[in-house]
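**Q** If you scroll down you'll find the structure; I have some questions about it.
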Amino acid sequence: MARWWRPELGLAVVVLGLGVFVVIGTLDVSAAASQLGIGPRFFPMLVGGSMVLVGLFYVLDVLRGGHGDPEESEDVDVDAPSDWRSVGLVSGIFLAFAVLLNTLGWIIGASLLFFGLSVALGAEHKFRAAGVGVVLGIATYLLFVKGLGVTLPGGPLQGVI
């Protein structure tokens, strides 16, 4: 058993298992299709089915002798310290988003999320980051609410869009 079991096979089985889990979990979703004819099951089934397909091909590849390429470490500095400040900022931003989502609504909350993440990860142009955050917040709201029929919290902007 130890001869054919490798870490690559473990990852392949995890990808395959997660895909099966997503597909099975999506079978319980029941809702009417939106105006576009795409219901709330479409994208999870697409992602889950893709994960199952990739997982199957990955398992077959590993069983046939395929393996991952070793890391060449060109861009990795093993002596560099961990950037715990960025980890803390990103974690705090996600936590604040989750806590304030119902109060602020999706558009304002997601705009602040995208802006905060871009600044925490090193955006140099704050006004551009803010503009992109607002555009992404509105675009994702419209995509999910108007396009897919998913209900997102409106917050103070409820009924405006």
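Residues in the structure tokens are numbered from 1 in each chain, the chains being A, B, ... in the order shown, and ligands are numbered from 1 in the order shown.
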Which residues come within 7 Å of region 123-133 of chain A, counting only C-alpha atoms, excluding same-chain residues fewer than 4 positions away, as a list in words?

**A**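 Final neighbour list, sorted by chain and number: Ser111, Leu112, Phe114, Phe115, Ser118, Val119 and Gly137 of chain A.
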
**Q** Dump all heavy atoms for the selected residues as an mmCIF file, in the first residue's frame?

**A**
data_model
loop_
_atom_site.group_PDB
_atom_site.id
_atom_site.type_symbol
_atom_site.label_atom_id
_atom_site.label_comp_id
_atom_site.auth_asym_id
_atom_site.auth_seq_id
_atom_site.Cartn_x
_atom_site.Cartn_y
_atom_site.Cartn_z
ATOM 1 N N SER A 111 -18.564 46.854 -0.822
ATOM 2 C CA SER A 111 -17.677 47.928 -1.273
ATOM 3 C C SER A 111 -16.582 48.181 -0.250
ATOM 4 O O SER A 111 -15.402 48.313 -0.604
ATOM 5 C CB SER A 111 -18.467 49.214 -1.505
ATOM 6 O OG SER A 111 -19.416 49.033 -2.527
ATOM 7 N N LEU A 112 -16.961 48.239 1.026
ATOM 8 C CA LEU A 112 -15.966 48.413 2.083
ATOM 9 C C LEU A 112 -15.042 47.205 2.189
ATOM 10 O O LEU A 112 -13.841 47.342 2.448
ATOM 11 C CB LEU A 112 -16.654 48.681 3.418
ATOM 12 C CG LEU A 112 -17.357 50.032 3.540
ATOM 13 C CD1 LEU A 112 -18.156 50.096 4.842
ATOM 14 C CD2 LEU A 112 -16.366 51.171 3.455
ATOM 15 N N PHE A 114 -14.118 45.104 -0.316
ATOM 16 C CA PHE A 114 -13.163 45.123 -1.425
ATOM 17 C C PHE A 114 -12.133 46.230 -1.245
ATOM 18 O O PHE A 114 -10.939 46.028 -1.493
ATOM 19 C CB PHE A 114 -13.898 45.277 -2.756
ATOM 20 C CG PHE A 114 -14.781 44.110 -3.096
ATOM 21 C CD1 PHE A 114 -16.061 44.322 -3.596
ATOM 22 C CD2 PHE A 114 -14.365 42.806 -2.923
ATOM 23 C CE1 PHE A 114 -16.883 43.259 -3.913
ATOM 24 C CE2 PHE A 114 -15.187 41.729 -3.236
ATOM 25 C CZ PHE A 114 -16.444 41.965 -3.728
ATOM 26 N N PHE A 115 -12.580 47.396 -0.803
ATOM 27 C CA PHE A 115 -11.651 48.498 -0.572
ATOM 28 C C PHE A 115 -10.674 48.162 0.555
ATOM 29 O O PHE A 115 -9.458 48.329 0.410
ATOM 30 C CB PHE A 115 -12.421 49.784 -0.236
ATOM 31 C CG PHE A 115 -11.533 50.904 0.213
ATOM 32 C CD1 PHE A 115 -10.679 51.526 -0.676
ATOM 33 C CD2 PHE A 115 -11.537 51.318 1.534
ATOM 34 C CE1 PHE A 115 -9.841 52.557 -0.261
ATOM 35 C CE2 PHE A 115 -10.711 52.342 1.963
ATOM 36 C CZ PHE A 115 -9.864 52.966 1.062
ATOM 37 N N SER A 118 -8.091 45.548 -0.520
ATOM 38 C CA SER A 118 -7.084 46.068 -1.446
ATOM 39 C C SER A 118 -6.072 46.946 -0.712
ATOM 40 O O SER A 118 -4.873 46.872 -0.988
ATOM 41 C CB SER A 118 -7.745 46.840 -2.588
ATOM 42 O OG SER A 118 -8.396 47.987 -2.100
ATOM 43 N N VAL A 119 -6.516 47.757 0.237
ATOM 44 C CA VAL A 119 -5.590 48.596 1.009
ATOM 45 C C VAL A 119 -4.717 47.724 1.908
ATOM 46 O O VAL A 119 -3.507 47.919 2.004
ATOM 47 C CB VAL A 119 -6.368 49.656 1.822
ATOM 48 C CG1 VAL A 119 -5.450 50.367 2.794
ATOM 49 C CG2 VAL A 119 -7.024 50.662 0.892
ATOM 50 N N GLY A 137 -18.959 46.056 -5.692
ATOM 51 C CA GLY A 137 -20.093 45.873 -4.781
ATOM 52 C C GLY A 137 -21.424 45.953 -5.513
ATOM 53 O O GLY A 137 -22.312 45.119 -5.329
#

**Q** For Gly48 (chain A), list every protein, DNA or RNA residue within 7 Å, evaluated using only C-alpha atoms, and leave out those in the same chain fewer than 6 positions away; present the list as a VMD selection string.

**A** chain A and resid 19 to 20 22 to 23

**Q** Would you mind exporting C-alpha atoms of the selected residues as an mmCIF file, in the first residue's frame?

**A**
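Written output follows (again-v3.cif):
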data_model
loop_
_atom_site.group_PDB
_atom_site.id
_atom_site.type_symbol
_atom_site.label_atom_id
_atom_site.label_comp_id
_atom_site.auth_asym_id
_atom_site.auth_seq_id
_atom_site.Cartn_x
_atom_site.Cartn_y
_atom_site.Cartn_z
ATOM 1 C CA GLY A 19 -16.852 17.787 -5.696
ATOM 2 C CA VAL A 20 -19.154 14.915 -4.748
ATOM 3 C CA VAL A 22 -20.988 19.934 -3.469
ATOM 4 C CA VAL A 23 -23.078 18.014 -6.014
#
